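Structure data follow from coords_39.csv (CSV, C-alpha atoms):
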```csv
chain,number,residue,atom,x,y,z
A,10,MET,CA,-8.8,16.6,-70.8
A,11,GLU,CA,-7.6,14.2,-73.5
A,12,ALA,CA,-4.2,13.8,-75.1
A,13,GLY,CA,-3.8,13.8,-78.8
A,14,ASP,CA,-4.1,10.0,-79.3
A,15,GLY,CA,-7.5,9.9,-77.6
A,16,THR,CA,-6.2,8.5,-74.3
A,17,GLU,CA,-6.8,10.4,-71.1
A,18,GLU,CA,-3.9,12.3,-69.5
A,19,PRO,CA,-2.8,11.0,-66.1
A,20,PRO,CA,-4.2,13.1,-63.3
A,21,LEU,CA,-2.0,16.0,-62.0
A,22,PRO,CA,0.3,14.7,-59.2
A,23,LEU,CA,-0.9,17.6,-57.0
A,24,ALA,CA,-4.6,18.3,-57.3
A,25,LEU,CA,-5.1,21.5,-55.2
A,26,PRO,CA,-8.6,20.6,-53.8
A,27,ARG,CA,-7.2,17.4,-52.3
A,28,PHE,CA,-5.2,19.7,-50.0
A,29,GLN,CA,-7.9,22.2,-49.3
A,30,VAL,CA,-6.1,24.7,-51.5
A,31,SER,CA,-8.3,27.0,-53.5
A,32,GLU,CA,-7.7,27.8,-57.2
A,33,GLU,CA,-8.9,31.3,-56.5
A,34,PHE,CA,-7.7,32.0,-53.0
A,35,GLY,CA,-4.7,29.7,-52.5
A,36,PHE,CA,-4.2,28.9,-48.8
A,37,LEU,CA,-6.7,31.5,-47.7
A,38,LEU,CA,-10.0,30.1,-46.4
A,39,PRO,CA,-12.5,30.9,-49.2
A,40,ASP,CA,-15.4,33.1,-48.0
A,41,PRO,CA,-15.0,32.5,-44.2
A,42,LEU,CA,-18.1,32.4,-42.0
A,43,THR,CA,-18.5,35.5,-39.8
A,44,GLU,CA,-21.1,34.1,-37.3
A,45,LEU,CA,-21.2,30.9,-35.3
A,46,PRO,CA,-24.4,29.0,-34.7
A,47,ALA,CA,-26.6,30.5,-31.9
A,48,PRO,CA,-25.5,28.2,-29.1
A,49,TYR,CA,-22.1,29.7,-29.4
A,50,SER,CA,-23.2,33.3,-29.0
A,51,PRO,CA,-21.4,33.7,-25.6
A,52,TRP,CA,-18.1,33.2,-27.5
A,53,MET,CA,-19.1,35.6,-30.3
A,54,GLU,CA,-20.3,38.3,-28.0
A,55,ILE,CA,-16.9,38.4,-26.2
A,56,ALA,CA,-15.0,38.1,-29.4
A,57,GLN,CA,-16.8,41.1,-31.0
A,58,GLU,CA,-15.9,43.3,-28.0
A,59,LEU,CA,-12.3,42.2,-27.5
A,60,PRO,CA,-10.4,45.5,-28.0
A,61,GLN,CA,-12.7,47.3,-25.6
A,62,LEU,CA,-12.7,44.5,-23.0
A,63,ILE,CA,-8.9,44.3,-23.1
A,64,GLU,CA,-8.4,48.0,-22.9
A,65,SER,CA,-10.8,48.3,-20.0
A,66,HIS,CA,-9.1,45.3,-18.3
A,67,GLN,CA,-12.4,43.4,-18.2
A,68,LEU,CA,-11.8,40.5,-20.5
A,69,ARG,CA,-10.7,38.1,-17.9
A,70,SER,CA,-13.7,38.6,-15.7
A,71,HIS,CA,-16.0,38.2,-18.8
A,72,VAL,CA,-14.2,34.9,-19.7
A,73,HIS,CA,-14.7,33.6,-16.1
A,74,GLN,CA,-18.5,34.1,-16.5
A,75,MET,CA,-18.6,32.3,-19.9
A,76,PRO,CA,-20.7,29.1,-19.9
A,77,GLN,CA,-18.9,25.8,-20.4
A,78,LEU,CA,-19.8,24.9,-24.1
A,79,SER,CA,-18.8,21.8,-26.0
A,80,ALA,CA,-17.3,22.2,-29.4
A,81,ARG,CA,-18.9,18.9,-30.5
A,82,HIS,CA,-21.9,20.6,-32.1
A,83,LEU,CA,-19.8,22.6,-34.6
A,84,ARG,CA,-20.2,21.2,-38.1
A,85,GLY,CA,-17.9,21.4,-41.0
A,86,ARG,CA,-14.5,23.1,-41.7
A,87,GLU,CA,-15.8,26.7,-41.9
A,88,GLU,CA,-17.6,26.5,-38.4
A,89,LEU,CA,-14.5,24.9,-36.9
A,90,HIS,CA,-12.1,27.5,-38.4
A,91,LEU,CA,-14.3,30.4,-37.1
A,92,ALA,CA,-14.5,28.8,-33.7
A,93,HIS,CA,-10.7,28.4,-33.6
A,94,LEU,CA,-10.2,32.0,-34.7
A,95,VAL,CA,-12.7,33.3,-32.0
A,96,LEU,CA,-11.2,31.1,-29.2
A,97,SER,CA,-7.6,32.0,-30.3
A,98,PHE,CA,-8.2,35.7,-30.1
A,99,ILE,CA,-10.0,35.4,-26.7
A,100,THR,CA,-7.1,33.3,-25.4
A,101,MET,CA,-4.4,35.8,-26.5
A,102,GLY,CA,-6.4,38.7,-25.0
A,103,TYR,CA,-6.9,36.7,-21.8
A,104,VAL,CA,-3.2,35.8,-21.4
A,105,TRP,CA,-1.8,39.2,-22.4
A,106,GLN,CA,-4.5,41.6,-21.1
A,107,GLU,CA,-2.1,43.0,-18.4
A,108,GLY,CA,1.0,42.9,-20.5
A,109,GLU,CA,4.2,40.9,-19.9
A,110,GLU,CA,4.3,41.5,-16.2
A,111,GLY,CA,0.6,40.4,-15.6
A,112,THR,CA,0.5,37.0,-17.5
A,113,VAL,CA,-1.5,34.1,-16.2
A,114,GLN,CA,-0.4,30.5,-15.6
A,115,VAL,CA,-3.8,28.8,-16.2
A,116,LEU,CA,-6.3,29.1,-19.0
A,117,PRO,CA,-9.7,28.4,-17.4
A,118,ARG,CA,-11.5,25.2,-18.3
A,119,ASN,CA,-14.5,26.9,-19.9
A,120,LEU,CA,-12.1,28.3,-22.5
A,121,ALA,CA,-9.4,25.6,-22.5
A,122,ILE,CA,-11.5,22.5,-23.1
A,123,PRO,CA,-13.5,23.7,-26.1
A,124,TYR,CA,-10.4,25.3,-27.5
A,125,TRP,CA,-8.6,22.0,-27.3
A,126,GLU,CA,-11.5,20.2,-28.9
A,127,VAL,CA,-11.6,22.5,-31.9
A,128,SER,CA,-7.8,22.4,-32.2
A,129,GLU,CA,-7.8,18.6,-32.3
A,130,ALA,CA,-10.6,18.6,-34.9
A,131,LEU,CA,-8.6,20.9,-37.2
A,132,GLY,CA,-5.1,19.5,-36.4
A,133,LEU,CA,-4.0,23.0,-35.3
A,134,PRO,CA,-2.4,23.9,-31.9
A,135,PRO,CA,-4.4,25.7,-29.2
A,136,ILE,CA,-2.8,29.1,-29.8
A,137,LEU,CA,-3.3,31.9,-32.4
A,138,SER,CA,-1.5,31.0,-35.6
A,139,HIS,CA,-1.2,32.5,-39.1
A,140,ALA,CA,-4.0,30.1,-40.1
A,141,ASP,CA,-6.4,32.0,-37.8
A,142,PHE,CA,-5.0,35.5,-37.8
A,143,VAL,CA,-4.8,35.9,-41.6
A,144,LEU,CA,-6.1,32.9,-43.5
A,145,ALA,CA,-9.5,32.7,-41.8
A,146,ASN,CA,-10.0,36.3,-40.6
A,147,TRP,CA,-11.3,38.2,-43.5
A,148,ARG,CA,-14.5,39.3,-45.2
A,149,LYS,CA,-15.5,41.4,-48.1
A,150,LYS,CA,-17.5,44.6,-47.2
A,151,ASP,CA,-19.3,44.3,-50.6
A,152,PRO,CA,-19.6,40.5,-51.3
A,153,ASN,CA,-19.5,41.2,-55.1
A,154,GLY,CA,-16.6,43.7,-54.9
A,155,PRO,CA,-12.9,43.0,-55.5
A,156,LEU,CA,-10.4,41.4,-53.1
A,157,GLU,CA,-8.8,44.7,-52.4
A,158,ILE,CA,-7.9,46.3,-49.1
A,159,GLU,CA,-10.6,49.0,-49.4
A,160,ASN,CA,-13.2,46.3,-49.7
A,161,LEU,CA,-11.9,44.1,-46.9
A,162,ASP,CA,-12.2,43.9,-43.2
A,163,THR,CA,-11.2,41.5,-40.5
A,164,ILE,CA,-13.8,39.3,-38.7
A,165,ILE,CA,-12.3,39.5,-35.2
A,166,LYS,CA,-10.1,42.3,-33.8
A,167,LEU,CA,-7.6,42.9,-31.1
A,168,PRO,CA,-6.3,46.2,-29.8
A,169,GLY,CA,-4.4,48.1,-32.5
A,170,GLY,CA,-7.2,49.7,-34.5
A,171,GLU,CA,-6.4,50.6,-38.2
A,172,SER,CA,-2.8,49.4,-37.9
A,173,LEU,CA,-4.0,45.9,-36.8
A,174,ARG,CA,-6.5,45.8,-39.7
A,175,GLY,CA,-3.7,46.9,-42.1
A,176,PHE,CA,-1.3,44.3,-40.7
A,177,ILE,CA,-3.7,41.4,-41.2
A,178,LEU,CA,-5.0,42.6,-44.6
A,179,VAL,CA,-1.7,43.4,-46.2
A,180,THR,CA,-0.5,39.9,-45.1
A,181,LEU,CA,-3.6,38.5,-46.7
A,182,LEU,CA,-2.8,40.3,-49.9
A,183,VAL,CA,0.7,38.8,-49.9
A,184,GLU,CA,-1.0,35.4,-49.6
A,185,LYS,CA,-3.4,36.2,-52.5
A,186,ALA,CA,-0.5,37.4,-54.7
A,187,ALA,CA,1.1,34.0,-54.2
A,188,VAL,CA,-1.9,32.1,-55.8
A,189,PRO,CA,-0.5,32.0,-59.4
A,190,GLY,CA,2.7,30.7,-57.9
A,191,ILE,CA,0.9,27.9,-56.0
A,192,LYS,CA,-0.8,26.8,-59.3
A,193,ALA,CA,2.6,27.1,-61.1
A,194,ILE,CA,4.0,24.5,-58.6
A,195,VAL,CA,1.4,22.0,-59.8
A,196,ARG,CA,2.1,22.7,-63.5
A,197,ALA,CA,5.9,22.6,-63.0
A,198,LEU,CA,5.8,19.2,-61.3
A,199,HIS,CA,3.5,17.8,-63.9
A,200,ALA,CA,5.8,19.2,-66.7
A,201,ILE,CA,8.8,17.4,-65.1
A,202,LEU,CA,6.9,14.1,-65.2
A,203,GLN,CA,5.9,14.7,-68.9
A,204,HIS,CA,9.4,16.0,-69.8
A,205,ASP,CA,7.6,19.1,-71.2
A,206,GLU,CA,10.3,21.8,-71.0
A,207,GLU,CA,8.1,24.5,-72.6
A,208,THR,CA,5.4,24.2,-70.0
A,209,LEU,CA,8.0,24.0,-67.3
A,210,GLN,CA,9.6,27.2,-68.5
A,211,ARG,CA,6.2,29.0,-68.5
A,212,ALA,CA,5.4,27.6,-65.0
A,213,LEU,CA,8.7,28.9,-63.6
A,214,GLU,CA,8.1,32.4,-65.2
A,215,GLU,CA,4.7,32.4,-63.5
A,216,LEU,CA,6.2,31.5,-60.2
A,217,ALA,CA,8.8,34.2,-60.4
A,218,GLY,CA,6.1,36.7,-61.3
A,219,ALA,CA,4.0,35.6,-58.3
A,220,ILE,CA,6.9,36.1,-55.9
A,221,GLU,CA,7.6,39.5,-57.3
A,222,ALA,CA,3.9,40.4,-56.8
A,223,MET,CA,4.2,39.2,-53.2
A,224,SER,CA,7.0,41.7,-52.6
A,225,GLU,CA,4.8,44.5,-54.1
A,226,ALA,CA,2.0,43.5,-51.8
A,227,LEU,CA,4.3,43.5,-48.8
A,228,ARG,CA,5.4,47.1,-49.6
A,229,ARG,CA,1.9,48.3,-48.7
A,230,MET,CA,2.7,47.6,-45.0
A,231,HIS,CA,4.2,51.1,-44.9
A,232,ASP,CA,0.9,52.7,-45.9
A,233,TYR,CA,-1.4,50.8,-43.4
A,234,VAL,CA,0.6,50.0,-40.3
A,235,ASP,CA,2.1,52.4,-37.8
A,236,PRO,CA,5.4,50.9,-36.4
A,237,ALA,CA,4.8,52.4,-33.0
A,238,VAL,CA,1.4,50.7,-32.7
A,239,PHE,CA,2.6,47.5,-34.1
A,240,TYR,CA,5.5,47.3,-31.7
A,241,ALA,CA,3.9,48.6,-28.5
A,242,VAL,CA,0.3,47.3,-28.9
A,243,ILE,CA,-0.2,44.6,-31.5
A,244,ARG,CA,2.9,42.5,-31.2
A,245,ILE,CA,2.4,41.2,-27.7
A,246,PHE,CA,-1.0,39.6,-28.6
A,247,LEU,CA,0.9,37.5,-31.2
A,248,SER,CA,3.3,36.3,-28.6
A,249,GLY,CA,3.3,32.6,-27.5
A,250,TRP,CA,4.4,30.8,-24.4
A,251,LYS,CA,7.4,28.9,-25.8
A,252,ASP,CA,10.9,30.4,-25.7
A,253,ASN,CA,9.3,33.5,-24.2
A,254,PRO,CA,10.9,34.8,-20.9
A,255,ALA,CA,7.6,36.4,-20.0
A,256,MET,CA,6.0,32.9,-19.7
A,257,PRO,CA,9.0,30.6,-19.1
A,258,GLU,CA,6.8,27.8,-17.7
A,259,GLY,CA,4.2,27.8,-20.6
A,260,LEU,CA,0.5,27.7,-19.9
A,261,ILE,CA,-1.8,25.1,-18.1
A,262,TYR,CA,-4.9,24.4,-20.2
A,263,GLU,CA,-7.3,23.6,-17.3
A,264,GLY,CA,-9.2,20.4,-17.7
A,265,VAL,CA,-6.9,19.3,-20.5
A,266,SER,CA,-3.5,18.8,-18.8
A,267,SER,CA,-2.3,19.5,-15.3
A,268,GLU,CA,1.2,20.2,-16.8
A,269,PRO,CA,1.9,23.5,-18.5
A,270,MET,CA,2.2,23.4,-22.3
A,271,ALA,CA,4.4,25.6,-24.5
A,272,TYR,CA,3.4,26.8,-28.0
A,273,SER,CA,5.0,29.4,-30.3
A,274,GLY,CA,3.2,32.6,-31.2
A,275,GLY,CA,2.0,33.7,-34.6
A,276,SER,CA,4.8,33.9,-37.2
A,277,ALA,CA,5.2,34.5,-40.9
A,278,ALA,CA,7.1,31.2,-40.8
A,279,GLN,CA,3.8,29.5,-40.4
A,280,SER,CA,2.7,30.6,-43.9
A,281,THR,CA,2.6,27.5,-46.1
A,282,VAL,CA,3.5,29.6,-49.2
A,283,LEU,CA,7.2,30.0,-48.6
A,284,HIS,CA,7.6,26.4,-47.4
A,285,ALA,CA,6.1,25.2,-50.7
A,286,PHE,CA,8.3,27.5,-52.8
A,287,ASP,CA,11.4,26.3,-50.9
A,288,GLU,CA,10.6,22.7,-51.4
A,289,LEU,CA,10.0,23.1,-55.1
A,290,LEU,CA,13.2,25.1,-55.7
A,291,GLY,CA,15.2,22.7,-53.5
A,292,ILE,CA,16.3,25.5,-51.1
A,293,ARG,CA,18.3,23.9,-48.2
A,294,HIS,CA,18.5,26.1,-45.0
A,295,ARG,CA,21.0,25.6,-42.2
A,296,GLU,CA,20.2,23.0,-39.6
A,297,ASP,CA,18.9,25.3,-36.8
A,298,SER,CA,16.8,27.3,-39.3
A,299,THR,CA,15.4,24.1,-40.8
A,300,ALA,CA,14.5,22.8,-37.4
A,301,PHE,CA,12.5,26.0,-36.6
A,302,LEU,CA,10.8,26.0,-40.0
A,303,HIS,CA,9.8,22.4,-39.7
A,304,ARG,CA,8.4,23.0,-36.2
A,305,MET,CA,6.3,25.9,-37.7
A,306,ARG,CA,4.7,23.4,-40.0
A,307,ASP,CA,2.8,22.0,-37.0
A,308,TYR,CA,1.0,25.4,-36.9
A,309,MET,CA,-0.4,24.9,-40.4
A,310,PRO,CA,-3.8,23.3,-41.3
A,311,ARG,CA,-3.1,19.6,-41.7
A,312,PRO,CA,-3.9,19.5,-45.5
A,313,HIS,CA,-1.6,22.4,-46.2
A,314,ARG,CA,1.2,20.6,-44.3
A,315,ALA,CA,0.5,17.5,-46.5
A,316,PHE,CA,0.8,19.7,-49.6
A,317,VAL,CA,4.3,20.8,-48.6
A,318,GLU,CA,5.3,17.2,-47.9
A,319,GLU,CA,4.0,16.1,-51.3
A,320,ILE,CA,6.2,18.6,-53.0
A,321,HIS,CA,9.2,17.4,-51.0
A,322,ARG,CA,8.5,13.9,-52.2
A,323,ALA,CA,8.2,14.9,-55.9
A,324,PRO,CA,11.0,14.6,-58.4
A,325,SER,CA,13.7,17.3,-57.9
A,326,LEU,CA,13.1,20.4,-60.1
A,327,LYS,CA,16.7,21.5,-59.6
A,328,GLN,CA,18.1,18.2,-60.7
A,329,HIS,CA,15.8,18.2,-63.7
A,330,VAL,CA,16.9,21.7,-64.7
A,331,LEU,CA,20.6,20.8,-64.2
A,332,SER,CA,20.4,17.6,-66.2
A,333,SER,CA,18.4,19.3,-69.0
A,334,GLY,CA,21.4,21.5,-69.9
A,335,ASP,CA,18.8,24.0,-71.1
A,336,MET,CA,20.1,27.5,-70.5
A,337,GLN,CA,16.7,29.1,-70.7
A,338,LEU,CA,15.3,26.8,-68.1
A,339,GLN,CA,18.3,27.5,-65.9
A,340,ALA,CA,17.6,31.3,-66.3
A,341,ALA,CA,13.9,30.8,-65.4
A,342,PHE,CA,14.9,28.7,-62.3
A,343,ASN,CA,17.4,31.4,-61.2
A,344,HIS,CA,14.8,34.1,-61.7
A,345,CYS,CA,12.6,32.3,-59.2
A,346,VAL,CA,15.4,31.9,-56.6
A,347,SER,CA,16.4,35.6,-57.1
A,348,ALA,CA,12.8,36.8,-56.6
A,349,LEU,CA,12.5,34.7,-53.4
A,350,THR,CA,15.9,36.1,-52.2
A,351,ASP,CA,14.6,39.6,-52.8
A,352,PHE,CA,11.4,38.9,-51.0
A,353,ARG,CA,13.3,37.7,-48.0
A,354,SER,CA,15.6,40.7,-48.1
A,355,TYR,CA,12.5,43.0,-48.2
A,356,HIS,CA,11.0,41.1,-45.2
A,357,ILE,CA,14.2,42.0,-43.3
A,358,THR,CA,13.7,45.6,-44.2
A,359,ILE,CA,10.1,45.5,-42.8
A,360,VAL,CA,11.2,43.8,-39.6
A,361,THR,CA,14.0,46.3,-39.1
A,362,LYS,CA,11.5,49.2,-39.3
A,363,TYR,CA,8.7,47.5,-37.3
A,364,ILE,CA,10.8,45.9,-34.6
A,365,THR,CA,14.4,47.2,-34.3
A,366,ILE,CA,13.7,50.9,-35.0
A,367,ALA,CA,10.3,50.8,-33.3
A,368,ALA,CA,11.9,49.2,-30.2
A,369,ALA,CA,14.5,52.0,-29.9
A,370,LYS,CA,11.9,54.7,-30.3
A,371,ALA,CA,9.6,53.0,-27.8
A,372,LYS,CA,12.4,52.9,-25.2
A,373,ALA,CA,13.2,56.5,-25.8
A,374,ARG,CA,9.5,57.4,-25.3
A,375,GLN,CA,9.2,55.3,-22.2
A,376,ALA,CA,12.3,57.0,-20.7
A,377,GLU,CA,10.7,60.4,-21.3
A,378,GLN,CA,7.2,59.5,-20.0
A,379,GLY,CA,7.8,56.9,-17.4
A,380,ALA,CA,6.2,53.4,-17.5
A,381,GLY,CA,2.7,53.0,-18.8
A,382,ALA,CA,0.3,50.3,-17.7
A,383,GLY,CA,-0.4,47.2,-19.9
A,384,PRO,CA,-0.2,46.8,-23.6
A,385,ALA,CA,-3.2,49.0,-24.4
A,386,MET,CA,-1.3,51.9,-22.8
A,387,GLY,CA,1.5,51.3,-25.1
A,388,LYS,CA,4.2,50.0,-22.7
A,389,PRO,CA,6.8,48.4,-24.9
A,390,PRO,CA,7.3,44.7,-24.5
A,391,SER,CA,10.9,43.7,-23.6
A,392,ALA,CA,10.8,39.9,-23.4
A,393,LEU,CA,10.8,39.5,-27.2
A,394,GLU,CA,12.9,42.5,-28.1
A,395,ALA,CA,15.3,40.5,-30.3
A,396,LYS,CA,13.0,37.6,-31.0
A,397,GLY,CA,10.1,37.0,-33.4
A,398,THR,CA,6.7,36.2,-31.9
A,399,GLY,CA,7.3,32.6,-33.0
A,400,GLY,CA,10.3,32.6,-30.6
A,401,SER,CA,13.2,32.6,-33.2
A,402,HIS,CA,16.2,35.0,-32.8
A,403,ILE,CA,14.7,37.1,-35.6
A,404,PHE,CA,17.6,38.7,-37.4
A,405,SER,CA,20.0,35.8,-37.4
A,406,PHE,CA,17.2,33.6,-38.6
A,407,LEU,CA,15.9,35.9,-41.3
A,408,LYS,CA,19.4,36.7,-42.7
A,409,SER,CA,20.3,33.0,-42.6
A,410,ILE,CA,17.3,31.9,-44.6
A,411,ARG,CA,17.8,34.8,-47.1
A,412,ASP,CA,21.4,33.8,-47.6
A,413,THR,CA,20.7,30.1,-48.0
A,414,THR,CA,18.0,31.0,-50.5
A,415,ARG,CA,20.5,32.9,-52.6
A,416,GLU,CA,22.9,29.9,-52.4
A,417,GLY,CA,20.2,27.9,-54.2
A,418,MET,CA,21.0,29.6,-57.5
A,419,ILE,CA,22.4,27.4,-60.3
A,420,SER,CA,25.8,28.8,-61.3
A,421,ALA,CA,26.6,29.0,-65.0
```
Any chance you could give the structure as structure tokens?
Amino acid sequence: MEAGDGTEEPPLPLALPRFQVSEEFGFLLPDPLTELPAPYSPWMEIAQELPQLIESHQLRSHVHQMPQLSARHLRGREELHLAHLVLSFITMGYVWQEGEEGTVQVLPRNLAIPYWEVSEALGLPPILSHADFVLANWRKKDPNGPLEIENLDTIIKLPGGESLRGFILVTLLVEKAAVPGIKAIVRALHAILQHDEETLQRALEELAGAIEAMSEALRRMHDYVDPAVFYAVIRIFLSGWKDNPAMPEGLIYEGVSSEPMAYSGGSAAQSTVLHAFDELLGIRHREDSTAFLHRMRDYMPRPHRAFVEEIHRAPSLKQHVLSSGDMQLQAAFNHCVSALTDFRSYHITIVTKYITIAAAKAKARQAEQGAGAGPAMGKPPSALEAKGTGGSHIFSFLKSIRDTTREGMISA
């Protein structure tokens, strides 16, 4: 692209492909693989049967019979991501097959060693994270059809049936709705460098629109996910072994370390989208919330983490808007902050329904029926009753980051 005087424009400060961010899919892995190469069929065969193996309490014995395979023959990012997804799901099923009371202390070497190798290659931790559960776990039923929930399915499943599918795919649609906002970040930072207020104004309007579209996508959770199934069946398989009373010592990865290691479970805080928006808008969270959010960045793919850090190092959007004295720019900036505040408020509404209210109903049901056996039987988990699967005290954390987002507004 050439400027008016015939000289080339400088390159954009944030070229998305450099950070493995897709122009079409954002942080989602574009067109993930659904099959590993033939030598890895023992992994795939177990992964494809996970819900049945967990519900029949046979997964652990199947894992013990799995051959010891090396991850070194996996080639390219797509194969590595699918291997990480497969091994993550098998690991969560293995650990939580018998519920909170029946956890294990050791992940066997035939699972732990290749899982560690794949994790090292991708720069991801050896536990199920948002990058596996959502970003790399989708396929189109009709490859030429739209990216809509009716035309989508997950690649690997855990217990939870249609509610699990809905939970993953609605979260995926929230990620997809963010894409115009991710592209707007790049345009906004370039516009600041060029002192191009008109382009900056448009970029901020696009960002606000994307955040509002994310809230709309999140509302579909009510249509596709049953709170009772989410709370009693799905949630435990997203739980980690850090800050979790059910596994206070962590987990030994046999053949990797003789000492137990602790990792947080899957969490919406591992989504790169909101970290990127916070950095652009200069949102400053309280110290304990910031510490947790920064720790969650270790659960993102390495290039996505670098994208957030690059935005952090860029010139301050907020300072630019303040020093411009442009009331229209200020209004566009505040529209973004307001939309982000509303998104976080709505997330609290969802969490209230799917955790707090669901927990109370599950307790009442359990009191009526007596204890069930294992997560597949719907025995409600108690260790994480007031915590998120990532280990944070969920309501104080969510309300804190919502309130500090609102405080990011520029006052007239």
Closest contacts (segment 101-152 of chain A/segment 255-272 of chain A, max 9 Å, only C-alpha atoms) as a Markdown table:
```
| residue | atom | partner | partner_atom | distance |
| --- | --- | --- | --- | --- |
| A:Glu109 | CA | A:Ala255 | CA | 5.6 |
| A:Glu110 | CA | A:Ala255 | CA | 7.2 |
| A:Thr112 | CA | A:Met256 | CA | 7.2 |
| A:Val113 | CA | A:Leu260 | CA | 7.7 |
| A:Gln114 | CA | A:Leu260 | CA | 5.2 |
| A:Val115 | CA | A:Ile261 | CA | 4.6 |
| A:Leu116 | CA | A:Tyr262 | CA | 5.0 |
| A:Pro117 | CA | A:Glu263 | CA | 5.4 |
| A:Arg118 | CA | A:Glu263 | CA | 4.6 |
| A:Asn119 | CA | A:Glu263 | CA | 8.3 |
| A:Leu120 | CA | A:Glu263 | CA | 8.5 |
| A:Ala121 | CA | A:Tyr262 | CA | 5.2 |
| A:Ile122 | CA | A:Val265 | CA | 6.2 |
| A:Trp125 | CA | A:Val265 | CA | 7.5 |
| A:Pro134 | CA | A:Tyr272 | CA | 7.6 |
| A:Pro135 | CA | A:Tyr272 | CA | 8.0 |
| A:Ile136 | CA | A:Tyr272 | CA | 6.9 |
```
Exercise for the section: Return the single residue from A:Leu302, A:Ala217, A:Val183, A:Val234 that is closest to Thr350 of chain A, with distances computed using all atoms listed in the file. Expected result: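 Looking at the shortest contact to Thr350 of chain A, the residue is A:Ala217.
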Exercise for the section: List the neighbours of segment 204-208 of chain A out to 10 Å using only C-alpha atoms; skip same-chain residues closer than 3 positions along the sequence, and give me the result as a list in words. Expected result: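 My list of contacting residues is Ala193, Arg196, Ala197, Leu198, His199, Ala200, Ile201, Arg211, Ala212, Leu213, Glu214, His329, Val330, Ser333, Asp335, Gln337 and Leu338 of chain A.
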File dump, residues just selected, C-alpha atoms, as a compact mmCIF listing (two decimals), in the frame of the given file:
```
# COMPACT_ATOMS: atom_id res chain seq x y z
CA ALA A 193 2.60 27.10 -61.10
CA ARG A 196 2.10 22.70 -63.50
CA ALA A 197 5.90 22.60 -63.00
CA LEU A 198 5.80 19.20 -61.30
CA HIS A 199 3.50 17.80 -63.90
CA ALA A 200 5.80 19.20 -66.70
CA ILE A 201 8.80 17.40 -65.10
CA ARG A 211 6.20 29.00 -68.50
CA ALA A 212 5.40 27.60 -65.00
CA LEU A 213 8.70 28.90 -63.60
CA GLU A 214 8.10 32.40 -65.20
CA HIS A 329 15.80 18.20 -63.70
CA VAL A 330 16.90 21.70 -64.70
CA SER A 333 18.40 19.30 -69.00
CA ASP A 335 18.80 24.00 -71.10
CA GLN A 337 16.70 29.10 -70.70
CA LEU A 338 15.30 26.80 -68.10
```
Practice task
Just give me the gap between atom CA of Leu290 of chain A and atom CA of Pro312 of chain A in Å, one decimal is fine.
Solution key: 20.7 Å
Exercise for the section: Would you mind reading off the distance between atom CA of Leu161 of chain A and atom CA of Val179 of chain A, one decimal, in Å? Expected result: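 Taking atom CA of Leu161 of chain A as the start and atom CA of Val179 of chain A as the end point, the length is 10.2 Å.
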Exercise for the section: Quick one: pull the distance between atom CA of Ser409 of chain A and atom CA of Leu209 of chain A, Å, one decimal. Expected result: 29.0 Å
Practice task
Could you tell me which of A:Ala140, A:Ala47, A:Leu38, A:Leu133 comes closest to Asp307 of chain A if we count all atoms listed in the file?
Solution key: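 Distance minimum relative to Asp307 of chain A lands on A:Leu133.
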Practice task
Identify which of the residues A:Gly218, A:Pro324, A:Gly35, A:Gly291 lies closest to Gly417 of chain A, counting only C-alpha atoms when measuring atom-to-atom distances.
Solution key: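 The answer is A:Gly291, which sits nearest to Gly417 of chain A.
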Exercise for the section: Mind checking which residues fall within 12 Å of Val195 of chain A, counting only C-alpha atoms, ignoring those fewer than 5 positions away in the same chain, and posting them as a VMD selection string? Expected result: chain A and resid 20 to 26 30 32 188 to 190 200 to 202 208 to 209 212 to 213 215 to 216 285 to 286 289 316 to 317 319 to 320 323 326
As a JSON list (two decimals), keeping the file's coordinate frame, could you write out segment 135-140 of chain A once it has been completed with N, CA, C and O atoms?
```json
[["chain", "number", "residue", "atom", "x", "y", "z"],
["A", 135, "PRO", "N", -3.51, 24.77, -29.94],
["A", 135, "PRO", "CA", -4.40, 25.70, -29.20],
["A", 135, "PRO", "C", -3.75, 27.02, -28.92],
["A", 135, "PRO", "O", -3.52, 27.37, -27.76],
["A", 136, "ILE", "N", -3.42, 27.75, -29.96],
["A", 136, "ILE", "CA", -2.80, 29.10, -29.80],
["A", 136, "ILE", "C", -3.12, 29.81, -31.16],
["A", 136, "ILE", "O", -3.33, 29.15, -32.20],
["A", 137, "LEU", "N", -3.12, 31.13, -31.14],
["A", 137, "LEU", "CA", -3.30, 31.90, -32.40],
["A", 137, "LEU", "C", -2.17, 31.65, -33.32],
["A", 137, "LEU", "O", -1.01, 31.79, -32.96],
["A", 138, "SER", "N", -2.50, 31.26, -34.55],
["A", 138, "SER", "CA", -1.50, 31.00, -35.60],
["A", 138, "SER", "C", -1.86, 31.82, -36.84],
["A", 138, "SER", "O", -2.94, 32.41, -36.92],
["A", 139, "HIS", "N", -0.96, 31.80, -37.81],
["A", 139, "HIS", "CA", -1.20, 32.50, -39.10],
["A", 139, "HIS", "C", -2.49, 31.98, -39.75],
["A", 139, "HIS", "O", -3.20, 32.75, -40.39],
["A", 140, "ALA", "N", -2.81, 30.70, -39.53],
["A", 140, "ALA", "CA", -4.00, 30.10, -40.10],
["A", 140, "ALA", "C", -5.28, 30.82, -39.59],
["A", 140, "ALA", "O", -6.28, 30.94, -40.32]]
```
